[in-house]
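K.L.:
Take a look at model-v2.cif, mmCIF, C-alpha atoms:
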data_target
loop_
_atom_site.label_atom_id
_atom_site.label_comp_id
_atom_site.auth_asym_id
_atom_site.auth_seq_id
_atom_site.Cartn_x
_atom_site.Cartn_y
_atom_site.Cartn_z
CA MET K 10 -11.45 -21.72 -6.45
CA ASP K 11 -15.21 -21.65 -6.99
CA ASP K 12 -15.97 -20.27 -10.47
CA THR K 13 -19.12 -18.60 -9.13
CA ILE K 14 -17.07 -16.34 -6.87
CA SER K 15 -14.69 -14.73 -9.37
CA SER K 16 -13.47 -15.06 -12.90
CA THR K 17 -10.20 -14.22 -14.64
CA LYS K 18 -11.37 -15.17 -18.13
CA THR K 19 -12.85 -12.65 -20.53
CA GLU K 20 -16.62 -12.88 -20.53
CA THR K 21 -19.57 -11.05 -22.01
CA VAL K 22 -21.85 -8.83 -19.97
CA GLU K 23 -24.59 -11.45 -20.09
CA GLN K 24 -22.21 -14.18 -18.94
CA ALA K 25 -21.06 -11.97 -16.08
CA LYS K 26 -24.65 -11.24 -15.07
CA ALA K 27 -25.47 -14.95 -15.13
CA ARG K 28 -22.40 -15.69 -13.00
CA MET K 29 -23.42 -13.05 -10.47
CA GLN K 30 -27.01 -14.26 -10.32
CA ALA K 31 -25.81 -17.84 -9.82
CA ALA K 32 -23.75 -16.57 -6.87
CA GLY K 33 -26.82 -14.87 -5.40
CA VAL K 34 -25.52 -11.37 -6.13
CA HIS K 35 -28.11 -8.62 -6.48
CA THR K 36 -25.85 -5.55 -6.09
CA ILE K 37 -22.46 -4.59 -7.48
CA ILE K 38 -20.13 -2.19 -5.68
CA ALA K 39 -18.53 0.03 -8.32
CA GLN K 40 -15.32 0.80 -6.44
CA PHE K 41 -12.38 3.14 -7.04
CA VAL K 42 -9.91 4.92 -4.76
CA ASP K 43 -9.37 8.59 -4.03
CA ILE K 44 -5.93 10.20 -3.88
CA PHE K 45 -5.46 8.87 -0.32
CA GLY K 46 -6.13 5.30 -1.46
CA ALA K 47 -9.46 5.10 0.38
CA ALA K 48 -12.06 2.87 -1.25
CA LYS K 49 -14.96 4.86 -2.71
CA GLY K 50 -17.93 3.89 -4.85
CA LYS K 51 -21.63 3.27 -5.11
CA TYR K 52 -24.11 0.41 -5.34
CA ILE K 53 -25.28 -0.69 -8.80
CA PRO K 54 -28.05 -3.29 -9.37
CA VAL K 55 -26.73 -6.30 -11.31
CA ALA K 56 -29.19 -5.52 -14.12
CA HIS K 57 -27.20 -2.34 -14.84
CA LEU K 58 -23.75 -3.94 -14.99
CA GLU K 59 -23.30 -2.80 -18.60
CA ASP K 60 -23.54 0.83 -17.47
CA VAL K 61 -20.44 0.43 -15.32
CA LEU K 62 -18.53 -1.37 -18.05
CA GLY K 63 -19.44 1.24 -20.65
CA ALA K 64 -19.71 4.90 -19.76
CA GLY K 65 -19.00 4.09 -16.12
CA ALA K 66 -20.68 4.88 -12.81
CA GLY K 67 -20.99 8.64 -12.37
CA PHE K 68 -19.72 10.72 -9.46
CA ALA K 69 -19.42 14.45 -8.74
CA GLY K 70 -15.72 15.06 -9.36
CA PRO K 71 -15.12 17.83 -6.80
CA SER K 72 -16.59 15.58 -4.08
CA ILE K 73 -13.65 13.18 -4.45
CA TRP K 74 -10.38 13.97 -2.67
CA GLY K 75 -7.55 14.82 -5.03
CA THR K 76 -9.28 15.02 -8.41
CA GLY K 77 -8.85 18.77 -8.76
CA LEU K 78 -11.95 18.78 -10.97
CA PRO K 79 -14.07 21.92 -11.39
CA ARG K 80 -17.59 22.40 -10.04
CA ASN K 81 -19.12 22.95 -13.48
CA GLY K 82 -18.76 21.82 -17.07
CA ALA K 83 -18.04 18.47 -18.71
CA ARG K 84 -14.94 17.91 -16.59
CA SER K 85 -16.85 18.19 -13.34
CA GLU K 86 -18.06 14.58 -13.69
CA PHE K 87 -15.89 11.61 -12.71
CA TYR K 88 -16.89 8.21 -14.10
CA GLY K 89 -15.66 4.91 -12.73
CA GLN K 90 -15.32 2.47 -15.60
CA GLY K 91 -15.35 -1.13 -14.39
CA ASP K 92 -12.73 -3.76 -15.21
CA ILE K 93 -14.76 -6.93 -15.81
CA LYS K 94 -11.82 -9.15 -14.81
CA THR K 95 -12.18 -7.83 -11.24
CA LEU K 96 -15.89 -8.63 -10.86
CA GLN K 97 -16.31 -10.99 -7.93
CA ALA K 98 -18.82 -11.84 -5.26
CA LEU K 99 -17.92 -10.91 -1.68
CA PRO K 100 -18.38 -13.85 0.71
CA TRP K 101 -18.42 -11.55 3.77
CA MET K 102 -21.27 -9.51 2.22
CA PRO K 103 -23.75 -12.04 0.78
CA GLY K 104 -25.61 -10.61 -2.19
CA TYR K 105 -22.88 -8.11 -3.06
CA ALA K 106 -19.99 -8.13 -5.53
CA ARG K 107 -17.18 -5.71 -6.27
CA ILE K 108 -15.87 -4.41 -9.57
CA VAL K 109 -12.75 -2.23 -9.66
CA CYS K 110 -13.06 0.99 -11.64
CA SER K 111 -10.60 3.31 -13.37
CA GLY K 112 -11.40 6.97 -13.87
CA LEU K 113 -12.86 8.63 -16.94
CA VAL K 114 -13.40 12.37 -17.29
CA ASP K 115 -15.11 13.89 -20.33
CA GLY K 116 -15.00 10.47 -21.98
CA LYS K 117 -11.21 10.11 -21.69
CA PRO K 118 -8.91 8.24 -19.29
CA PHE K 119 -8.34 10.51 -16.30
CA ALA K 120 -4.68 11.13 -15.46
CA GLY K 121 -5.72 12.02 -11.90
CA CYS K 122 -6.92 8.46 -11.27
CA SER K 123 -4.39 6.58 -9.14
CA ARG K 124 -5.15 3.26 -10.85
CA ARG K 125 -4.41 4.83 -14.23
CA VAL K 126 -1.14 6.22 -12.85
CA LEU K 127 -0.15 2.63 -12.07
CA LEU K 128 -1.37 1.38 -15.46
CA LYS K 129 0.88 3.95 -17.16
CA GLN K 130 3.95 2.55 -15.39
CA ILE K 131 2.90 -1.03 -16.10
CA GLU K 132 2.69 -0.09 -19.79
CA ARG K 133 6.33 1.03 -19.61
CA LEU K 134 7.28 -2.36 -18.20
CA THR K 135 5.26 -4.18 -20.83
CA LYS K 136 7.09 -2.39 -23.65
CA LEU K 137 10.32 -3.77 -22.19
CA GLY K 138 8.84 -7.26 -22.00
CA LEU K 139 8.78 -7.16 -18.21
CA THR K 140 6.22 -7.90 -15.50
CA LEU K 141 6.51 -6.74 -11.90
CA ASN K 142 5.27 -9.32 -9.42
CA VAL K 143 4.46 -8.00 -5.95
CA GLY K 144 3.93 -9.79 -2.67
CA ILE K 145 2.31 -7.53 -0.06
CA GLU K 146 2.60 -8.18 3.67
CA PRO K 147 -0.08 -6.22 5.56
CA GLU K 148 0.53 -5.60 9.25
CA PHE K 149 -2.49 -4.26 11.12
CA PHE K 150 -4.10 -3.79 14.51
CA LEU K 151 -7.41 -5.12 15.80
CA VAL K 152 -8.37 -2.88 18.71
CA ASN K 153 -11.18 -1.32 20.67
CA THR K 154 -11.44 2.46 20.96
CA ASP K 155 -12.18 4.76 23.88
CA GLU K 156 -14.67 7.64 23.95
CA HIS K 157 -12.08 9.87 22.25
CA GLY K 158 -11.48 7.42 19.41
CA ARG K 159 -8.08 6.40 20.77
CA PRO K 160 -7.06 2.73 20.38
CA ILE K 161 -7.16 0.39 23.35
CA ALA K 162 -5.24 -2.86 23.08
CA CYS K 163 -6.69 -5.91 24.76
CA ALA K 164 -5.15 -6.14 28.25
CA LYS K 165 -4.75 -9.91 27.92
CA ASP K 166 -2.49 -9.38 24.91
CA ASP K 167 -0.28 -6.92 26.75
CA GLN K 168 2.91 -8.94 27.05
CA ASP K 169 6.50 -7.72 26.91
CA LYS K 170 7.05 -9.56 23.63
CA PRO K 171 3.80 -10.94 22.19
CA SER K 172 5.25 -12.02 18.82
CA TYR K 173 3.65 -15.27 17.58
CA ASP K 174 1.51 -15.50 20.73
CA LEU K 175 -0.97 -18.33 20.15
CA LYS K 176 -3.26 -17.23 23.00
CA ALA K 177 -3.70 -13.83 21.37
CA LEU K 178 -4.38 -15.45 17.99
CA ALA K 179 -7.02 -17.69 19.54
CA ARG K 180 -8.92 -14.74 21.03
CA VAL K 181 -9.63 -13.31 17.57
CA ARG K 182 -9.59 -16.59 15.65
CA ASP K 183 -13.14 -16.16 14.34
CA VAL K 184 -12.33 -12.74 12.85
CA LEU K 185 -9.09 -13.98 11.32
CA ARG K 186 -10.78 -17.11 9.98
CA LYS K 187 -13.46 -15.05 8.22
CA MET K 188 -10.74 -12.93 6.64
CA GLU K 189 -8.87 -16.01 5.52
CA THR K 190 -11.81 -17.86 4.00
CA GLY K 191 -13.34 -14.78 2.39
CA LEU K 192 -10.12 -13.54 0.82
CA THR K 193 -9.07 -17.00 -0.33
CA ALA K 194 -12.45 -17.44 -2.01
CA CYS K 195 -11.70 -14.20 -3.87
CA GLY K 196 -8.42 -15.62 -5.15
CA LEU K 197 -5.94 -14.10 -2.71
CA ASP K 198 -4.77 -17.50 -1.42
CA VAL K 199 -4.05 -16.65 2.21
CA PHE K 200 -1.20 -18.88 3.40
CA GLN K 201 -0.35 -17.65 6.91
CA ILE K 202 -1.50 -15.36 9.71
CA ASP K 203 0.50 -14.47 12.81
CA HIS K 204 0.56 -12.22 15.86
CA GLU K 205 3.15 -9.47 15.44
CA ASP K 206 5.37 -7.58 17.90
CA ALA K 207 2.70 -5.35 19.45
CA SER K 208 -0.38 -6.13 21.46
CA GLY K 209 -3.34 -6.53 19.11
CA GLN K 210 -1.11 -6.49 16.01
CA TYR K 211 -1.34 -9.13 13.28
CA GLU K 212 0.02 -9.93 9.85
CA LEU K 213 -1.87 -11.75 7.09
CA ASN K 214 0.05 -13.07 4.08
CA TYR K 215 -1.40 -14.02 0.73
CA HIS K 216 0.08 -15.06 -2.59
CA TYR K 217 1.90 -12.57 -4.82
CA SER K 218 0.55 -11.40 -8.17
CA ASP K 219 1.29 -8.89 -10.91
CA ALA K 220 1.38 -5.24 -9.82
CA LEU K 221 -2.14 -4.26 -10.93
CA LYS K 222 -3.79 -7.30 -9.40
CA ALA K 223 -1.70 -6.88 -6.25
CA ALA K 224 -3.01 -3.32 -5.85
CA ASP K 225 -6.62 -4.34 -6.53
CA ASN K 226 -6.26 -7.22 -4.08
CA PHE K 227 -4.88 -5.02 -1.32
CA VAL K 228 -7.86 -2.69 -1.56
CA LEU K 229 -10.10 -5.75 -1.37
CA PHE K 230 -8.20 -6.92 1.71
CA LYS K 231 -8.81 -3.55 3.40
CA MET K 232 -12.50 -3.65 2.56
CA ALA K 233 -12.87 -7.21 3.86
CA ALA K 234 -10.82 -6.75 7.04
CA SER K 235 -12.60 -3.53 8.01
CA HIS K 236 -16.07 -5.01 7.45
CA ILE K 237 -15.34 -8.28 9.27
CA ALA K 238 -13.68 -6.55 12.23
CA GLU K 239 -16.53 -4.06 12.57
CA GLU K 240 -19.09 -6.87 12.64
CA ALA K 241 -17.13 -8.34 15.56
CA GLY K 242 -17.15 -5.04 17.44
CA LEU K 243 -13.46 -4.35 16.74
CA THR K 244 -11.62 -1.64 14.84
CA PHE K 245 -9.29 -2.67 12.01
CA SER K 246 -6.40 -0.22 11.69
CA LEU K 247 -3.51 0.18 9.27
CA MET K 248 -2.29 3.24 11.19
CA PRO K 249 1.51 3.02 11.08
CA LYS K 250 2.09 3.88 14.75
CA PRO K 251 -1.08 3.82 16.88
CA PHE K 252 0.86 3.31 20.13
CA ALA K 253 3.99 5.32 20.98
CA ASP K 254 5.35 2.56 23.21
CA ARG K 255 4.70 -0.36 20.85
CA PRO K 256 6.07 -1.31 17.41
CA GLY K 257 4.33 0.12 14.38
CA SER K 258 2.87 -1.51 11.28
CA GLY K 259 4.53 -1.69 7.90
CA LEU K 260 3.41 -2.88 4.49
CA HIS K 261 6.46 -4.60 3.10
CA LEU K 262 6.56 -5.03 -0.69
CA HIS K 263 8.35 -8.06 -2.16
CA LEU K 264 9.36 -7.14 -5.70
CA SER K 265 10.50 -9.35 -8.57
CA LEU K 266 10.66 -8.83 -12.33
CA THR K 267 10.02 -11.54 -14.90
CA ASP K 268 10.40 -11.58 -18.67
CA VAL K 269 7.84 -12.67 -21.28
CA ASN K 270 8.73 -16.29 -20.57
CA GLY K 271 8.15 -15.91 -16.86
CA GLN K 272 11.85 -16.10 -16.05
CA ALA K 273 13.23 -14.01 -13.18
CA VAL K 274 15.47 -11.20 -14.44
CA MET K 275 16.61 -9.73 -11.12
CA ALA K 276 18.12 -12.94 -9.75
CA ASP K 277 21.60 -14.35 -10.36
CA LYS K 278 22.86 -17.15 -8.13
CA ALA K 279 26.44 -16.44 -9.19
CA ASP K 280 26.29 -12.97 -7.65
CA SER K 281 27.45 -12.51 -4.06
CA HIS K 282 24.01 -11.20 -3.11
CA GLY K 283 21.96 -13.23 -5.57
CA LEU K 284 21.21 -10.33 -7.91
CA SER K 285 21.67 -9.77 -11.62
CA LYS K 286 22.87 -6.51 -13.16
CA THR K 287 19.20 -5.62 -13.65
CA GLY K 288 18.45 -6.36 -10.02
CA ARG K 289 21.27 -4.13 -8.83
CA ALA K 290 20.14 -1.35 -11.17
CA CYS K 291 16.63 -1.59 -9.69
CA ILE K 292 18.14 -1.23 -6.23
CA ALA K 293 20.13 1.80 -7.38
CA GLY K 294 16.97 3.45 -8.69
CA LEU K 295 14.98 2.76 -5.55
CA LEU K 296 17.72 4.05 -3.27
CA ALA K 297 18.34 7.15 -5.40
CA HIS K 298 14.68 8.14 -5.16
CA SER K 299 13.81 6.81 -1.69
CA ALA K 300 13.43 10.26 -0.15
CA ALA K 301 10.83 11.25 -2.76
CA LEU K 302 9.15 7.83 -2.64
CA ALA K 303 8.59 8.32 1.07
CA ALA K 304 5.89 10.87 0.23
CA PHE K 305 3.89 8.06 -1.40
CA HIS K 306 4.94 5.06 0.67
CA ALA K 307 4.80 6.78 4.08
CA PRO K 308 2.21 9.46 3.34
CA SER K 309 0.84 10.34 6.76
CA VAL K 310 2.08 12.45 9.64
CA ASN K 311 1.94 9.31 11.74
CA SER K 312 4.17 7.39 9.30
CA TYR K 313 7.21 9.21 10.64
CA LYS K 314 6.55 8.10 14.21
CA ARG K 315 7.48 4.68 12.81
CA LEU K 316 10.49 5.67 10.68
CA VAL K 317 12.55 7.11 13.52
CA ILE K 318 16.29 7.53 13.84
CA GLY K 319 17.65 6.03 17.03
CA LYS K 320 16.02 3.82 19.58
CA SER K 321 12.26 3.40 19.40
CA LEU K 322 10.13 4.06 22.47
CA SER K 323 8.77 0.54 22.01
CA GLY K 324 12.23 -0.89 22.56
CA THR K 325 11.97 -2.96 19.37
CA THR K 326 11.44 -2.06 15.75
CA TRP K 327 11.92 -3.45 12.26
CA ALA K 328 11.23 -0.09 10.62
CA PRO K 329 13.96 1.38 8.40
CA ALA K 330 15.36 4.85 8.89
CA HIS K 331 18.34 4.74 6.52
CA ILE K 332 18.76 4.50 2.75
CA ALA K 333 20.80 1.36 2.26
CA TRP K 334 20.50 -2.30 1.23
CA GLY K 335 21.88 -5.65 2.26
CA TYR K 336 21.35 -9.38 2.06
CA ASN K 337 18.55 -10.49 4.41
CA ASN K 338 19.10 -7.24 6.31
CA ARG K 339 15.93 -6.02 8.02
CA THR K 340 17.66 -2.89 9.34
CA THR K 341 17.97 -1.28 5.88
CA VAL K 342 15.22 0.14 3.69
CA LEU K 343 15.90 -2.56 1.07
CA ARG K 344 16.33 -6.20 2.03
CA VAL K 345 17.47 -8.67 -0.61
CA VAL K 346 16.54 -12.32 -0.29
CA ALA K 347 16.06 -15.17 -2.77
CA GLY K 348 16.78 -12.96 -5.76
CA ARG K 349 14.04 -10.47 -4.99
CA ILE K 350 13.85 -7.08 -3.28
CA GLU K 351 11.85 -6.35 -0.17
CA PHE K 352 11.02 -2.63 0.04
CA ARG K 353 10.45 -1.90 3.74
CA LEU K 354 9.54 1.79 3.55
CA THR K 355 5.83 1.36 2.79
CA ASP K 356 3.04 1.43 5.36
CA GLY K 357 -0.69 0.79 5.20
CA SER K 358 -1.68 4.46 5.07
CA SER K 359 -0.37 4.59 1.51
CA ASN K 360 -2.35 4.65 -1.71
CA ILE K 361 -1.16 1.28 -3.00
CA TYR K 362 -1.63 2.22 -6.66
CA VAL K 363 0.64 5.26 -6.55
CA ALA K 364 3.05 3.48 -4.17
CA LEU K 365 3.56 0.75 -6.76
CA ALA K 366 3.60 3.22 -9.65
CA SER K 367 6.38 5.21 -7.99
CA THR K 368 8.25 1.98 -7.24
CA ILE K 369 8.19 0.99 -10.90
CA ALA K 370 9.25 4.49 -11.96
CA ALA K 371 12.26 4.38 -9.64
CA MET K 372 13.24 0.85 -10.71
CA LEU K 373 13.02 1.76 -14.39
CA GLU K 374 15.10 4.87 -13.79
CA GLY K 375 17.79 2.58 -12.44
CA VAL K 376 17.56 0.16 -15.36
CA GLU K 377 17.28 2.71 -18.18
CA GLN K 378 20.05 4.95 -16.83
CA ASN K 379 22.33 2.03 -15.85
CA LEU K 380 22.57 3.34 -12.30
CA VAL K 381 25.09 1.61 -10.06
CA ALA K 382 23.96 0.46 -6.63
CA PRO K 383 26.08 1.44 -3.63
CA MET K 384 27.95 -1.24 -1.74
CA PRO K 385 25.63 -3.54 0.22
CA ILE K 386 25.64 -3.37 3.98
CA ASP K 387 25.40 -6.69 5.74
CA GLU K 388 25.53 -5.40 9.29
CA ASP K 389 22.95 -4.44 11.90
CA ILE K 390 22.93 -0.69 11.30
CA TYR K 391 20.60 -0.17 14.26
CA GLU K 392 23.83 -0.50 16.27
CA TRP K 393 25.77 2.12 14.28
CA ASP K 394 26.72 5.57 15.51
CA ASP K 395 26.85 8.75 13.42
CA THR K 396 30.49 8.17 12.50
CA GLN K 397 29.72 4.84 10.85
CA PHE K 398 26.86 6.30 8.82
CA LYS K 399 29.14 9.10 7.58
CA ARG K 400 31.94 6.68 6.73
CA HIS K 401 29.60 4.50 4.66
CA ARG K 402 27.83 7.57 3.19
CA VAL K 403 24.45 6.26 4.27
CA LYS K 404 21.75 8.91 4.27
CA THR K 405 18.59 8.94 6.34
CA LEU K 406 15.03 8.76 5.12
CA PRO K 407 12.85 11.85 5.64
CA GLN K 408 11.91 12.18 9.28
CA THR K 409 8.68 14.14 8.76
CA LEU K 410 5.95 14.25 6.15
CA GLY K 411 7.07 17.80 5.37
CA GLU K 412 10.58 16.59 4.50
CA ALA K 413 9.18 13.82 2.30
CA LEU K 414 6.92 16.23 0.40
CA ALA K 415 9.85 18.56 -0.17
CA ALA K 416 11.91 15.66 -1.52
CA LEU K 417 9.11 14.71 -3.90
CA ALA K 418 8.72 18.30 -5.09
CA ALA K 419 12.46 18.37 -5.87
CA ASP K 420 12.48 15.02 -7.74
CA SER K 421 11.72 15.96 -11.36
CA LYS K 422 12.23 12.42 -12.67
CA ILE K 423 9.61 10.79 -10.45
CA THR K 424 7.27 13.74 -11.04
CA LYS K 425 7.61 13.45 -14.81
CA ALA K 426 7.11 9.68 -14.74
CA LEU K 427 3.91 9.83 -12.69
CA GLY K 428 2.57 12.98 -14.32
CA ASP K 429 3.05 16.62 -13.40
CA GLU K 430 -0.64 17.24 -12.77
CA TYR K 431 -1.10 14.19 -10.56
CA VAL K 432 1.96 14.96 -8.45
CA ALA K 433 0.98 18.63 -8.14
CA GLU K 434 -2.47 17.65 -6.85
CA TYR K 435 -0.94 15.10 -4.50
CA LEU K 436 1.50 17.66 -3.12
CA ALA K 437 -1.25 20.23 -2.67
CA THR K 438 -3.49 17.77 -0.83
CA LYS K 439 -0.75 16.40 1.40
CA SER K 440 0.84 19.79 2.07
CA ALA K 441 -2.49 21.02 3.42
CA GLU K 442 -2.55 17.98 5.72
CA TRP K 443 0.99 18.70 6.91
CA ILE K 444 0.22 22.38 7.57
CA GLU K 445 -2.93 21.46 9.49
CA TYR K 446 -0.89 19.11 11.68
CA CYS K 447 1.82 21.71 12.28
CA ARG K 448 -0.81 24.20 13.45
CA SER K 449 -2.52 21.76 15.78
CA VAL K 450 -1.73 21.67 19.50
CA SER K 451 -1.25 18.27 21.11
CA ASP K 452 -1.68 16.91 24.62
CA TRP K 453 2.12 16.57 24.77
CA GLU K 454 2.49 20.30 24.25
CA TYR K 455 -0.03 21.14 26.97
CA LYS K 456 1.80 18.90 29.43
CA ARG K 457 5.16 20.32 28.44
CA TYR K 458 4.51 24.01 27.99
CA LEU K 459 1.25 25.15 29.62
CA THR K 460 3.00 26.38 32.78
CA TRP K 461 6.55 26.57 31.40
CA PRO K 462 8.92 28.17 32.12
#
Please re-express this file's structure in structure tokens.
P.N.:
Amino acid sequence: MDDTISSTKTETVEQAKARMQAAGVHTIIAQFVDIFGAAKGKYIPVAHLEDVLGAGAGFAGPSIWGTGLPRNGARSEFYGQGDIKTLQALPWMPGYARIVCSGLVDGKPFAGCSRRVLLKQIERLTKLGLTLNVGIEPEFFLVNTDEHGRPIACAKDDQDKPSYDLKALARVRDVLRKMETGLTACGLDVFQIDHEDASGQYELNYHYSDALKAADNFVLFKMAASHIAEEAGLTFSLMPKPFADRPGSGLHLHLSLTDVNGQAVMADKADSHGLSKTGRACIAGLLAHSAALAAFHAPSVNSYKRLVIGKSLSGTTWAPAHIAWGYNNRTTVLRVVAGRIEFRLTDGSSNIYVALASTIAAMLEGVEQNLVAPMPIDEDIYEWDDTQFKRHRVKTLPQTLGEALAALAADSKITKALGDEYVAEYLATKSAEWIEYCRSVSDWEYKRYLTWP
């Protein structure tokens, strides 16, 4: 990797400035995320890098979704303090670099900052001598939009089963190539790209990393993909279910824990499913709190058009609807393979920082309380009827955002781990979204009820 693009070593402000100038950078994007996980920030001239690293770049707190900050006084100002290890030039935006910021309010770390919520959970892991490594698999759509902002898939891609279609890949090869080269230059190490199950749907895979870097990298991926697609006249979308009659998009998380020596602690080849006692305890924690985690991992109204019980309108789906686990089982919310856990609940509308923070909290609950995982299910549960689910005591995931928010509100352990104030603000923000949706009137309702009965 070109040393002028990014750096993982500790460096002084002057060294960082020199590195940026050598890369042709004149402007730094001081970037953070709001409570929804949307990238926010401002432009800072390279000459003022030390401002971002010190007191931080200043923002009006009440103007940022989910801070809950007042309109006056010292706590009305939100400052984004840059992490110098994240400073890197952006190949798709020549002359610009990004630095990831964590929140400060009144000179102190801000508990309402999603990145700090994740850092708090990482600190818990560190005290136990553990590191969570995360591989993220983004599924997304590249589409055009009509005059109403609705997505339009390319007609040429509209096949009955377009998975791995090389013709469809070739039509957007320039866009995908720019994503690959730009992200790889930033250290993400893209290793494969494919066409997914729906028309205009793709998946881009890059190398795993520790939880904090994985979250920072995913935000960078979103920034890059959106910019590159827009330049090509396309819309990049992580919407979980943009088409009712086509498969939706997930954001599968591959999770593994290592000790201070880098040795895997969740894997055990002697176990029937390749998991150690720690690995099974992590599964127990994740399953026990899955309903509450849904509020963070599937945080939009649209998320629950993907997580449906029964047959999907698209005729095919890999989305989970039930709280269970099994070996290489893509029909359960947890899939175990190669001594690691794949959490299949998450989608791209999530705030990746709080999604990972809640994941760690649930895993640690399992480990610290010695929770016992239920029996694995190594069957295709898409084929089960209600009787089989009852016999195996398999519960369903929330089927609406409202149900997920209620589950989170009732889960005192996850709330305490992430912080009462943060969760309260999250619930307030998302509950308002849910109420607004419930009060809206859709085209479906007009067609169904306008002249009925």
K.L.:
Using Å and a single decimal, report how far CA of Ile93 (chain K) sits from CA of Gly65 (chain K).
P.N.:
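Here the two named atoms are 11.8 Å from each other.
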K.L.:
So which residues get picked by the PyMOL selection byres ((chain K and resi 207) around 8) here, written as a VMD selection string?
P.N.:
chain K and resid 170 to 172 205 to 206 208 to 210 255 to 257
K.L.:
With C-alpha atoms retained, export the selected residues as a CSV table (one decimal), in the coordinates of the input.
P.N.:
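As written to disk, part_38.csv reads:
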chain,number,residue,atom,x,y,z
K,170,LYS,CA,7.0,-9.6,23.6
K,171,PRO,CA,3.8,-10.9,22.2
K,172,SER,CA,5.2,-12.0,18.8
K,205,GLU,CA,3.2,-9.5,15.4
K,206,ASP,CA,5.4,-7.6,17.9
K,208,SER,CA,-0.4,-6.1,21.5
K,209,GLY,CA,-3.3,-6.5,19.1
K,210,GLN,CA,-1.1,-6.5,16.0
K,255,ARG,CA,4.7,-0.4,20.8
K,256,PRO,CA,6.1,-1.3,17.4
K,257,GLY,CA,4.3,0.1,14.4
K.L.:
Name every residue that the PyMOL selection byres ((chain K and resi 411-421) around 9) selects in this structure, writing the answer as a list in words with chains first and numbers rising.
P.N.:
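With the PyMOL selection byres ((chain K and resi 411-421) around 9) on this model, the match is His298, Ala300, Ala301, Leu302, Ala303, Ala304, Phe305, Ala307, Pro308, Val310, Leu406, Pro407, Gln408, Thr409, Leu410, Lys422, Ile423, Thr424, Lys425, Ala426, Asp429, Val432, Ala433, Leu436, Lys439, Ser440, Trp443 and Ile444 of chain K.
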K.L.:
Exactly which residues make up the result of the PyMOL selection byres ((chain K and resi 103) around 10) on this file, given as a list in words?
P.N.:
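So the PyMOL selection byres ((chain K and resi 103) around 10) ends up selecting Ala32, Gly33, Val34, His35, Thr36, Ala98, Leu99, Pro100, Trp101, Met102, Gly104, Tyr105 and Ala106 of chain K.
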K.L.:
As an exercise, work out the distance from CA of Ala223 (chain K) to CA of Ser309 (chain K) in Å and give it to one decimal place.
P.N.:
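Spanning CA of Ala223 (chain K) to CA of Ser309 (chain K) is a straight-line distance of 21.7 Å.
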